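Read the structure below first, then the notes.
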Amino acid sequence: MRVGAMGVATLVLLAACSEGKSQPQGDRGDALAQLRAQLDGQRQCAPLLSGTTPIEFSADALSGPKVDALVAAGLVRRVPLPATGDRPRVRIEPTTEGSRDIWLRRLDPTSPAEPLLCYGRKQVVAVHPEGKDTLRYDYRVEQAPAWTGRTDIRAAFPFLARQLGEVHRAEQVATREDGRWVLAGDTGRDASAELPPSEGFFP
């Protein structure tokens, strides 16, 4: 009789643990649908050369292979600036084609725009509950523009291969509020990608 009681207690404990870690499949499906409605198709964008516009530096600073790759891909062009000192300066400007993938983000209407280059669109593929009312999600970056497949672009910016070739676990958290899943952070048409500070389209 004592063994039976212990067995029942063990089963109750295991059921309680399982309930705390899992979420009904229907709830997961609903959460996945809600996050997809908010995030699927969102452009993923990374810093482009500078933290602000206009992008103006010495010609030497913008003469390397990384900027060369962006120019060769037809995304940007170098524009020489009038000489004001002993070092030539240039401005980086988007081309007509590049403007389709360049996002000039303004966090404050009165501040200079931050240039970002967008390299694909987010697609949510799974959700992972982290508690009763909190979850994270997995996503892929798809619909990449043709220039992302260029050999010179891939060599200049190795992070692209990982971004476009892997499934990512989002840092962004969703919480359930009044029966709906609400995301902390960007949910608009464009978003700054979740990248380490050292990664981006830097010169």
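Naming scheme: A, B, ... for chains in displayed order of the structure tokens; residues 1 onward per chain; ligands 1 onward as shown.
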Can you write out as a tab-separated table which residues of region 91-182 of chain A fall within 7 Å of region 63-73 of chain A, alongside each residue's closest atom pair and its distance in Å to one decimal, counting only C-alpha atoms and ordering rows by chain and ascending residue number?
residue	atom	partner	partner_atom	distance
A:Trp147	CA	A:Ala73	CA	6.1
A:Asp152	CA	A:Ala69	CA	5.7
A:Ile153	CA	A:Ala69	CA	5.6
A:Ala156	CA	A:Lys66	CA	5.1
Practice task
Write out as a PyMOL selection string all residues of region 46-141 of chain A that DSSP puts in strand (DSSP E) for this structure's backbone.
Solution key: chain A and resi 46-47+55-58+76-80+89-94+102-105+114-131+134-141
Would you write out those residues with C-alpha atoms, as a PDB file, in the first residue's frame?
ATOM      1  CA  ALA A  46      21.531  45.919 -40.821  1.00  0.00           C
ATOM      2  CA  PRO A  47      23.582  49.113 -40.340  1.00  0.00           C
ATOM      3  CA  ILE A  55      27.586  59.128 -45.107  1.00  0.00           C
ATOM      4  CA  GLU A  56      30.712  61.231 -45.563  1.00  0.00           C
ATOM      5  CA  PHE A  57      34.257  60.122 -44.757  1.00  0.00           C
ATOM      6  CA  SER A  58      37.751  60.402 -46.128  1.00  0.00           C
ATOM      7  CA  VAL A  76      25.541  52.739 -53.613  1.00  0.00           C
ATOM      8  CA  ARG A  77      27.927  55.096 -55.405  1.00  0.00           C
ATOM      9  CA  ARG A  78      30.861  57.200 -54.284  1.00  0.00           C
ATOM     10  CA  VAL A  79      30.479  60.950 -54.886  1.00  0.00           C
ATOM     11  CA  PRO A  80      33.654  63.067 -54.509  1.00  0.00           C
ATOM     12  CA  ARG A  89      36.513  63.138 -48.944  1.00  0.00           C
ATOM     13  CA  VAL A  90      33.621  61.268 -50.526  1.00  0.00           C
ATOM     14  CA  ARG A  91      29.919  60.819 -49.857  1.00  0.00           C
ATOM     15  CA  ILE A  92      28.134  57.488 -50.213  1.00  0.00           C
ATOM     16  CA  GLU A  93      24.740  57.849 -51.880  1.00  0.00           C
ATOM     17  CA  PRO A  94      22.132  55.172 -52.688  1.00  0.00           C
ATOM     18  CA  ILE A 102      17.987  50.933 -48.071  1.00  0.00           C
ATOM     19  CA  TRP A 103      15.959  52.096 -45.061  1.00  0.00           C
ATOM     20  CA  LEU A 104      16.691  55.514 -43.574  1.00  0.00           C
ATOM     21  CA  ARG A 105      15.435  54.991 -40.048  1.00  0.00           C
ATOM     22  CA  GLU A 114      20.322  56.092 -39.641  1.00  0.00           C
ATOM     23  CA  PRO A 115      21.068  54.152 -42.867  1.00  0.00           C
ATOM     24  CA  LEU A 116      20.309  50.430 -42.891  1.00  0.00           C
ATOM     25  CA  LEU A 117      20.493  47.928 -45.736  1.00  0.00           C
ATOM     26  CA  CYS A 118      17.687  45.336 -45.843  1.00  0.00           C
ATOM     27  CA  TYR A 119      18.619  41.836 -46.962  1.00  0.00           C
ATOM     28  CA  GLY A 120      15.482  39.697 -46.622  1.00  0.00           C
ATOM     29  CA  ARG A 121      12.138  39.215 -44.927  1.00  0.00           C
ATOM     30  CA  LYS A 122      11.269  37.436 -41.700  1.00  0.00           C
ATOM     31  CA  GLN A 123       9.179  34.269 -41.616  1.00  0.00           C
ATOM     32  CA  VAL A 124       8.169  32.864 -38.217  1.00  0.00           C
ATOM     33  CA  VAL A 125       8.456  29.060 -38.155  1.00  0.00           C
ATOM     34  CA  ALA A 126       7.857  28.014 -34.516  1.00  0.00           C
ATOM     35  CA  VAL A 127       7.035  29.284 -31.026  1.00  0.00           C
ATOM     36  CA  HIS A 128       8.633  28.280 -27.722  1.00  0.00           C
ATOM     37  CA  PRO A 129       6.761  29.004 -24.467  1.00  0.00           C
ATOM     38  CA  GLU A 130       8.998  30.184 -21.644  1.00  0.00           C
ATOM     39  CA  GLY A 131       6.229  30.407 -19.087  1.00  0.00           C
ATOM     40  CA  THR A 134       5.676  34.431 -22.244  1.00  0.00           C
ATOM     41  CA  LEU A 135       7.241  32.961 -25.363  1.00  0.00           C
ATOM     42  CA  ARG A 136       9.938  33.386 -27.964  1.00  0.00           C
ATOM     43  CA  TYR A 137       9.854  32.319 -31.587  1.00  0.00           C
ATOM     44  CA  ASP A 138      12.085  30.857 -34.294  1.00  0.00           C
ATOM     45  CA  TYR A 139      12.334  32.477 -37.707  1.00  0.00           C
ATOM     46  CA  ARG A 140      14.059  32.334 -41.057  1.00  0.00           C
ATOM     47  CA  VAL A 141      15.123  35.224 -43.285  1.00  0.00           C
TER      48      VAL A 141
END
Neighbour list for Arg180 (chain A) as an mmCIF file with all heavy atoms, in the first residue's frame, cut-off 10 Å, only C-alpha atoms, skip fewer than 6 positions in-chain:
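Printed below is result.cif as written:
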data_model
loop_
_atom_site.group_PDB
_atom_site.id
_atom_site.type_symbol
_atom_site.label_atom_id
_atom_site.label_comp_id
_atom_site.auth_asym_id
_atom_site.auth_seq_id
_atom_site.Cartn_x
_atom_site.Cartn_y
_atom_site.Cartn_z
ATOM 1 N N ASP A 30 -2.350 28.960 -32.077
ATOM 2 C CA ASP A 30 -2.914 30.305 -32.056
ATOM 3 C C ASP A 30 -1.817 31.342 -31.898
ATOM 4 O O ASP A 30 -1.821 32.381 -32.571
ATOM 5 C CB ASP A 30 -3.921 30.418 -30.909
ATOM 6 C CG ASP A 30 -4.652 31.751 -30.918
ATOM 7 O OD1 ASP A 30 -5.151 32.147 -31.979
ATOM 8 O OD2 ASP A 30 -4.700 32.408 -29.855
ATOM 9 N N ALA A 31 -0.853 31.064 -31.024
ATOM 10 C CA ALA A 31 0.267 31.992 -30.832
ATOM 11 C C ALA A 31 1.075 32.125 -32.115
ATOM 12 O O ALA A 31 1.468 33.227 -32.513
ATOM 13 C CB ALA A 31 1.163 31.508 -29.689
ATOM 14 N N GLN A 34 -0.777 34.300 -34.580
ATOM 15 C CA GLN A 34 -0.760 35.716 -34.205
ATOM 16 C C GLN A 34 0.596 36.358 -34.488
ATOM 17 O O GLN A 34 0.668 37.490 -34.986
ATOM 18 C CB GLN A 34 -1.118 35.870 -32.726
ATOM 19 C CG GLN A 34 -2.574 35.594 -32.411
ATOM 20 C CD GLN A 34 -2.912 35.920 -30.975
ATOM 21 O OE1 GLN A 34 -2.420 36.901 -30.418
ATOM 22 N NE2 GLN A 34 -3.757 35.105 -30.358
ATOM 23 N N LEU A 35 1.681 35.651 -34.167
ATOM 24 C CA LEU A 35 3.011 36.208 -34.428
ATOM 25 C C LEU A 35 3.286 36.313 -35.923
ATOM 26 O O LEU A 35 3.889 37.286 -36.379
ATOM 27 C CB LEU A 35 4.087 35.372 -33.732
ATOM 28 C CG LEU A 35 4.499 35.885 -32.343
ATOM 29 C CD1 LEU A 35 3.324 35.913 -31.385
ATOM 30 C CD2 LEU A 35 5.624 35.040 -31.765
ATOM 31 N N ASP A 133 2.674 32.849 -19.762
ATOM 32 C CA ASP A 133 2.266 33.987 -20.587
ATOM 33 C C ASP A 133 3.439 34.649 -21.308
ATOM 34 O O ASP A 133 3.390 35.832 -21.633
ATOM 35 C CB ASP A 133 1.546 35.039 -19.726
ATOM 36 C CG ASP A 133 0.235 34.515 -19.160
ATOM 37 O OD1 ASP A 133 -0.529 33.914 -19.930
ATOM 38 O OD2 ASP A 133 -0.023 34.708 -17.954
ATOM 39 N N ALA A 174 7.462 37.722 -26.656
ATOM 40 C CA ALA A 174 6.025 37.992 -26.756
ATOM 41 C C ALA A 174 5.368 37.652 -25.421
ATOM 42 O O ALA A 174 5.708 36.650 -24.790
ATOM 43 C CB ALA A 174 5.397 37.172 -27.869
#
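The gap separating CA of Thr151 (chain A) from CA of Gln42 (chain A) is 25.3 Å, in Å to one decimal.
Candidate residues A:Leu49, A:Leu107, A:Leu39, A:Ala155 were compared for distance to Arg189 (chain A), and the nearest is A:Leu39, using only C-alpha atoms.
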